[in-house]
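Enquirer: Right, I'll just put the structure down here and ask away after.
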Amino acid sequence: MLIGLSGCTSSRRLADRLQSESVSERIRACIEAGEQRDTTVLPLLVERLEDDDADVRFFAILALKKITHKDMGYHYYDDYKSRVRAVQRWRKWLEQNKGNMKRRGG
């Protein structure tokens, strides 16, 4: 039981860090999400694809690729309009797959 609670708490903390005001904290959280393959934070990683900081966007897409094996044509360095279109594809994919996602990793 404690393991389940710990995982939930860990995901919650990771979610908080993905939304931190600190760029370095958001980057570290993206890296950790990818390493843990935590599907519970996929929507937050997709939000990070719209981050003002290119490094955060870079690590967010790396984490998404690691977890889903997809990139939806997203490139962190693309112009704004291209990134918006790719983020829309990600959001559509999330909506279509939300019932199929389970927390993986550890």
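Chain labels run A, B, ... following the order of the structure tokens; each chain numbers its residues from 1, and ligands are numbered from 1 in the order shown.
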If you run DSSP on the backbone, which residues of chain A are helix (DSSP H, G or I), as a ChimeraX atom specification?
Expert: /A:2-18,23-36,39-48,54-68,80-100
Enquirer: Output C-alpha atoms of each residue in that selection to a file, as a PDB file, in the first residue's frame.
Expert:
```pdb
ATOM      1  CA  LEU A   2       2.779   2.411   0.802  1.00  0.00           C
ATOM      2  CA  ILE A   3       4.337   1.814  -2.610  1.00  0.00           C
ATOM      3  CA  GLY A   4       1.116   2.886  -4.318  1.00  0.00           C
ATOM      4  CA  LEU A   5       0.888   5.983  -2.180  1.00  0.00           C
ATOM      5  CA  SER A   6       4.534   6.755  -2.769  1.00  0.00           C
ATOM      6  CA  GLY A   7       4.078   6.523  -6.549  1.00  0.00           C
ATOM      7  CA  CYS A   8       1.070   8.809  -6.416  1.00  0.00           C
ATOM      8  CA  THR A   9       2.955  11.308  -4.278  1.00  0.00           C
ATOM      9  CA  SER A  10       5.982  11.068  -6.548  1.00  0.00           C
ATOM     10  CA  SER A  11       3.828  11.786  -9.623  1.00  0.00           C
ATOM     11  CA  ARG A  12       2.198  14.709  -7.847  1.00  0.00           C
ATOM     12  CA  ARG A  13       5.594  16.180  -6.943  1.00  0.00           C
ATOM     13  CA  LEU A  14       6.797  15.635 -10.498  1.00  0.00           C
ATOM     14  CA  ALA A  15       3.686  17.388 -11.797  1.00  0.00           C
ATOM     15  CA  ASP A  16       4.381  20.345  -9.503  1.00  0.00           C
ATOM     16  CA  ARG A  17       7.978  20.537 -10.723  1.00  0.00           C
ATOM     17  CA  LEU A  18       6.901  20.419 -14.371  1.00  0.00           C
ATOM     18  CA  VAL A  23      13.489  26.741 -15.900  1.00  0.00           C
ATOM     19  CA  SER A  24      16.098  24.371 -14.474  1.00  0.00           C
ATOM     20  CA  GLU A  25      13.469  22.696 -12.294  1.00  0.00           C
ATOM     21  CA  ARG A  26      11.156  22.198 -15.287  1.00  0.00           C
ATOM     22  CA  ILE A  27      14.043  20.708 -17.277  1.00  0.00           C
ATOM     23  CA  ARG A  28      14.979  18.298 -14.464  1.00  0.00           C
ATOM     24  CA  ALA A  29      11.321  17.285 -14.132  1.00  0.00           C
ATOM     25  CA  CYS A  30      11.084  16.567 -17.876  1.00  0.00           C
ATOM     26  CA  ILE A  31      14.179  14.390 -17.674  1.00  0.00           C
ATOM     27  CA  GLU A  32      12.825  12.537 -14.643  1.00  0.00           C
ATOM     28  CA  ALA A  33       9.435  11.995 -16.293  1.00  0.00           C
ATOM     29  CA  GLY A  34      11.139  10.392 -19.273  1.00  0.00           C
ATOM     30  CA  GLU A  35      13.362   8.212 -17.106  1.00  0.00           C
ATOM     31  CA  GLN A  36      10.371   7.034 -15.055  1.00  0.00           C
ATOM     32  CA  THR A  39       2.316   8.447 -18.269  1.00  0.00           C
ATOM     33  CA  THR A  40       0.391  10.364 -15.605  1.00  0.00           C
ATOM     34  CA  VAL A  41       2.306  13.535 -16.507  1.00  0.00           C
ATOM     35  CA  LEU A  42       1.931  13.276 -20.298  1.00  0.00           C
ATOM     36  CA  PRO A  43      -0.526  16.207 -20.442  1.00  0.00           C
ATOM     37  CA  LEU A  44       1.940  18.378 -18.522  1.00  0.00           C
ATOM     38  CA  LEU A  45       4.783  17.367 -20.823  1.00  0.00           C
ATOM     39  CA  VAL A  46       2.624  18.382 -23.773  1.00  0.00           C
ATOM     40  CA  GLU A  47       2.066  21.754 -22.061  1.00  0.00           C
ATOM     41  CA  ARG A  48       5.839  22.106 -21.734  1.00  0.00           C
ATOM     42  CA  ALA A  54      13.627  26.253 -25.901  1.00  0.00           C
ATOM     43  CA  ASP A  55      15.617  23.992 -23.558  1.00  0.00           C
ATOM     44  CA  VAL A  56      12.446  23.048 -21.662  1.00  0.00           C
ATOM     45  CA  ARG A  57      10.721  22.289 -24.977  1.00  0.00           C
ATOM     46  CA  PHE A  58      13.694  20.149 -26.022  1.00  0.00           C
ATOM     47  CA  PHE A  59      13.623  18.027 -22.861  1.00  0.00           C
ATOM     48  CA  ALA A  60       9.823  17.801 -22.918  1.00  0.00           C
ATOM     49  CA  ILE A  61       9.791  16.291 -26.407  1.00  0.00           C
ATOM     50  CA  LEU A  62      12.625  13.929 -25.452  1.00  0.00           C
ATOM     51  CA  ALA A  63      10.555  12.709 -22.499  1.00  0.00           C
ATOM     52  CA  LEU A  64       7.440  12.323 -24.649  1.00  0.00           C
ATOM     53  CA  LYS A  65       9.390  10.316 -27.229  1.00  0.00           C
ATOM     54  CA  LYS A  66      10.862   8.115 -24.504  1.00  0.00           C
ATOM     55  CA  ILE A  67       7.435   7.417 -23.002  1.00  0.00           C
ATOM     56  CA  THR A  68       5.278   7.151 -26.140  1.00  0.00           C
ATOM     57  CA  TYR A  80       5.657  29.087 -33.398  1.00  0.00           C
ATOM     58  CA  LYS A  81       2.913  28.114 -35.886  1.00  0.00           C
ATOM     59  CA  SER A  82       4.530  24.758 -36.654  1.00  0.00           C
ATOM     60  CA  ARG A  83       4.902  24.011 -32.946  1.00  0.00           C
ATOM     61  CA  VAL A  84       1.248  24.920 -32.322  1.00  0.00           C
ATOM     62  CA  ARG A  85       0.104  22.479 -35.013  1.00  0.00           C
ATOM     63  CA  ALA A  86       2.226  19.703 -33.528  1.00  0.00           C
ATOM     64  CA  VAL A  87       0.943  20.432 -30.018  1.00  0.00           C
ATOM     65  CA  GLN A  88      -2.604  20.176 -31.353  1.00  0.00           C
ATOM     66  CA  ARG A  89      -1.723  16.711 -32.704  1.00  0.00           C
ATOM     67  CA  TRP A  90      -0.356  15.774 -29.293  1.00  0.00           C
ATOM     68  CA  ARG A  91      -3.520  16.954 -27.563  1.00  0.00           C
ATOM     69  CA  LYS A  92      -5.689  14.994 -29.984  1.00  0.00           C
ATOM     70  CA  TRP A  93      -3.574  11.904 -29.377  1.00  0.00           C
ATOM     71  CA  LEU A  94      -3.853  12.350 -25.599  1.00  0.00           C
ATOM     72  CA  GLU A  95      -7.628  12.645 -25.842  1.00  0.00           C
ATOM     73  CA  GLN A  96      -7.865   9.528 -27.998  1.00  0.00           C
ATOM     74  CA  ASN A  97      -5.573   7.490 -25.739  1.00  0.00           C
ATOM     75  CA  LYS A  98      -6.380   8.712 -22.243  1.00  0.00           C
ATOM     76  CA  GLY A  99      -8.117   5.466 -21.283  1.00  0.00           C
ATOM     77  CA  ASN A 100      -5.166   3.374 -22.463  1.00  0.00           C
TER      78      ASN A 100
END
```
Enquirer: Could you work out how far CA of Tyr76 in chain A lies from CA of Asp38 in chain A, giving the answer in Å with one decimal?
Expert: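 That distance, rounded to one decimal, is 21.0 Å.
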Enquirer: Could you check how far CA of His69 in chain A sits from CA of Asp51 in chain A, in Å to one decimal?
Expert: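 Atom-to-atom, CA of His69 in chain A to CA of Asp51 in chain A, that is 21.1 Å.
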Enquirer: Between A:Arg37, A:Asp79, A:Asp52, A:Tyr74, which is the closest to Ser22 in chain A once you count only C-alpha atoms?
Expert: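 Distance minimum relative to Ser22 in chain A lands on A:Asp52.
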